[in-house]
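Heads up, the thing below is written out as structure tokens.
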Amino acid sequence: MMNVGSVSYLYRHFAILIVAIFTILNSNAQQISEEKAPSFYSIQLDYYYGNILEHNPDLSHLILGHPTGFLASFNRKTYGVKNWERFFNYPDVGITFGYQDPHNPLLGKQLSLNGHFTFYFLNRNLQLTVGQGLAYITNPYDVEENPSNNAYGSRFATSMFFKFGYVKENIWNGFGLQAGLFFMHYSNGNFKAPNTSTNTIGLNLGVKYDLNHENFPDYIPLQNGESIKDFAERIKYNIVFRGGVNQSDVIGSPRYPFFVVSGFADKRLNYKSTLQLGVDIFFMEYLKKYIDYRAVAFPENGNTGDEDYKRVGVFVGHELRFSKTAFVTQLGYYAYFPFEDGSRIYNRLGINRYMFNDKYFAGISVKSHWAKAEAIEFSIGTRL
């Protein structure tokens with residue numbers, strides 16, 4: 001039976017999935033006309049074979065075989081009804097179900113549900129698919145039954161995947177083929193230790209079927225005078241408040257709330273791209289307790305327990321806009337780092353949804369130190 005903590009954990013990650021899929025499938029709010037345009041769909045199935053990367057030496061005992069699995073996707077195909085579809089060369093949006101077998105019973109199996117975008121290049125012969133969602137782990141860490149699984153500390157985690165490769169659509173009666181490289185990541189965002197996480201890289205091969213191949217319309221070209229540069233803006237200023245719950249890497253340690261206050265300037269260059277430069281102030285309550293723990297448990301390291309738990313980082317970032325939705329990537333450096341534990345470099349990946357004429361936004365992000373996630377952040381901000 002799930003305890004209250006497990007239910008809360010499931011709720012948080014289910015919320016991430018719902019918001020991710022909602023923003024992806026509803027990011028096309030701007031209409032060319034008031035008439036509802038017809039929708040067109042496709043389904044595809046990919047099989048993959050790969051390797052788990054040893055991004056952390058603590059993971060080496062779990063890398064025994066070559067993971068195999070499949071990705072089953074349902075896509076809505078765009079053809080230029082909205083301006084963002086034309087600017088991004090008519091991408092697909094949809095939902096992907098994933099299954100992975102790492103061929104190690106200690107790791108169990110991984111099941112995931114992800115919202116995704118697929119972008120096309122070189123006359124639609126190359127594709128890049130980016131997905132984010134929620135995963136279920138069948139055999140996570142358990143102090144008595146599975147103490148060796150330090151990759152997954154909980155049954156529920158976030159998932160992220162990328163696919164890049166060759167595609168040929170509608171070769172015969174709507175059927176097509178795709179093949180290429182893939183990357184799959186599972187992590188619970190340090191919500192519950194242990195959380196070494198896994199990164200799988202390998203090859204994928206699949207088949208695709210266009211459900212409406214006989215009636216698919218011509219792609220609508222860019223309108224006269226329409227350009228992504230028309231959306232350039234002056235420098236604007238942002239204030240963001242982030243929060244959530246996480247814990248240290250010490251197994252069994254309590255979870256604590258955290259808060260982040262951020263301020264940054266941004267410059268929107270065109271419809272797609274906005275550059276950012278700013279400052280983060282971190283109030284990680286778990287770190288305050290972890291400093292006390294390290295001072296008592298490892299006095300030989302020279303920690304007194306009086307070190308400040310707050311951190312201040314400076315970051316540069318980029319925002320990729322799709323109508324009211326944006327994918328955010330940021331790279332930061334701790335300028336104030338009184339407790340020197342781990343990397344001074346951090347990164348953030350997330351999704352923002354803009355509201356009320358782009359003056360306010362809400363979002364979800366994962367903050368990491370390279371490949372090691374520290375927190376899942378829920379945010380709200382204003383753009384002045």
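Letters A, B, ... go to the chains of the structure tokens in the order shown; residues in each chain start at 1; ligands are counted from 1 in the same order.
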For this session: List every residue of segment 153-359 of chain A that DSSP, applied to the backbone of this structure, assigns to helix (DSSP H, G or I), and report them as a PyMOL selection string.
Result: chain A and resi 228-231+285-297+299-301
Exercise. Any idea what's packed within 7 Å of segment 144-152 of chain A, counting only C-alpha atoms, ignoring anything in its chain fewer than 6 positions away? Could you give it as a ChimeraX atom specification?
Worked result: /A:59,106-107,194-198
Exercise. For Ala362 of chain A, which residue out of A:Tyr346, A:His318, A:Phe241, A:Pro257 is the nearest one, using only C-alpha atoms?
Worked result: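 Checking each of A:Tyr346, A:His318, A:Phe241, A:Pro257 against Ala362 of chain A, counting only C-alpha atoms, the winner is A:Phe241.
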Exercise. Out of segment 85-326 of chain A, which residues get strand (DSSP E or B) from DSSP, as a PyMOL selection string?
Worked result: chain A and resi 92-101+110-121+126-137+142+146+156-172+175-187+198-210+236-246+256-268+273-284+311-322+325-326
Exercise. So what do you get for atom CA of Leu134 of chain A versus atom CA of Trp84 of chain A, distance-wise?
Worked result: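 Here the two named atoms are 26.5 Å from each other.
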Exercise. In Å, how far is it from atom CA of Ser253 of chain A to atom CA of Gly108 of chain A?
Worked result: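 One can read the atom CA of Ser253 of chain A to atom CA of Gly108 of chain A distance as 24.1 Å.
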For this session: Do a neighbour search on Thr118 of chain A at 6 Å with only C-alpha atoms, toss out local chain neighbours closer than 2 positions, and write the hits as number ranges by chain.
Result: A: 91-92, 128-129
Exercise. Skipping near chain neighbours, those fewer than 2 positions away, what residues fall within 12 Å of Leu177 of chain A using only C-alpha atoms, listed as a PyMOL selection string?
Worked result: chain A and resi 43-47+125-127+165-172+174-175+179-180+204-210
Each residue of segment 230-291 of chain A with at least one atom at most 12 Å from segment 333-336 of chain A should appear once, together with its nearest atom pair and the corresponding distance in Å (one decimal); atoms considered: only C-alpha atoms; ordering: chain, then increasing residue number; output as JSON lines.
{"residue": "A:Leu277", "atom": "CA", "partner": "A:Tyr333", "partner_atom": "CA", "distance": 11.9}
{"residue": "A:Gly278", "atom": "CA", "partner": "A:Tyr333", "partner_atom": "CA", "distance": 10.9}
{"residue": "A:Val279", "atom": "CA", "partner": "A:Tyr333", "partner_atom": "CA", "distance": 9.5}
{"residue": "A:Asp280", "atom": "CA", "partner": "A:Tyr334", "partner_atom": "CA", "distance": 8.8}
{"residue": "A:Ile281", "atom": "CA", "partner": "A:Tyr336", "partner_atom": "CA", "distance": 9.3}
{"residue": "A:Phe282", "atom": "CA", "partner": "A:Tyr334", "partner_atom": "CA", "distance": 9.9}
Mind dumping the selected residues with C-alpha atoms as a PDB file, in the first residue's frame?
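This is the output file result.pdb:
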ATOM      1  CA  LEU A 277      21.472  36.525 -18.428  1.00  0.00           C
ATOM      2  CA  GLY A 278      20.704  36.445 -14.722  1.00  0.00           C
ATOM      3  CA  VAL A 279      21.248  35.509 -11.079  1.00  0.00           C
ATOM      4  CA  ASP A 280      19.845  32.676  -8.910  1.00  0.00           C
ATOM      5  CA  ILE A 281      19.719  32.719  -5.089  1.00  0.00           C
ATOM      6  CA  PHE A 282      19.258  29.206  -3.673  1.00  0.00           C
TER       7      PHE A 282
END
Problem set entry | Tyr360 of chain A surroundings by only C-alpha atoms, 12 Å radius, close-in-sequence under 5 positions cut, as number ranges by chain | A: 237-241, 324-325, 352-355, 379-384
Exercise. So which residues touch Leu222 of chain A within 12 Å, counting only C-alpha atoms, skipping near sequence neighbours fewer than 2 positions away, as a list in words?
Worked result: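 Non-adjacent residues within range: Ile32, Tyr79, Gly80, Val81, Lys82, Asn83, Trp84, Glu85, Arg86, Phe87, Phe88, Asn89, Tyr90, Tyr219, Ile220, Asn224, Gly225, Glu226, Ser227 and Ile228 of chain A.
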For this session: Please measure the separation of atom CA of Ser42 of chain A and atom CA of Phe74 of chain A, giving the value in Å to one decimal.
Result: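 Distance reported for this atom pair: 6.1 Å.
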Using 9 Å as the limit and counting only C-alpha atoms, can you tabulate each residue of segment 161-259 of chain A that touches segment 289-306 of chain A, with its shortest atom-to-atom distance in Å and the two atoms involved, as a tab-separated table?
residue	atom	partner	partner_atom	distance
A:Gln247	CA	A:Tyr290	CA	9.0
A:Ser248	CA	A:Tyr290	CA	6.7
A:Asp249	CA	A:Tyr290	CA	9.0
A:Val250	CA	A:Tyr290	CA	8.4
Exercise. Residues at most 10 Å from Leu269 of chain A, counting only C-alpha atoms, excluding those fewer than 3 positions away in the same chain, as a count of residues only?
Worked result: 13
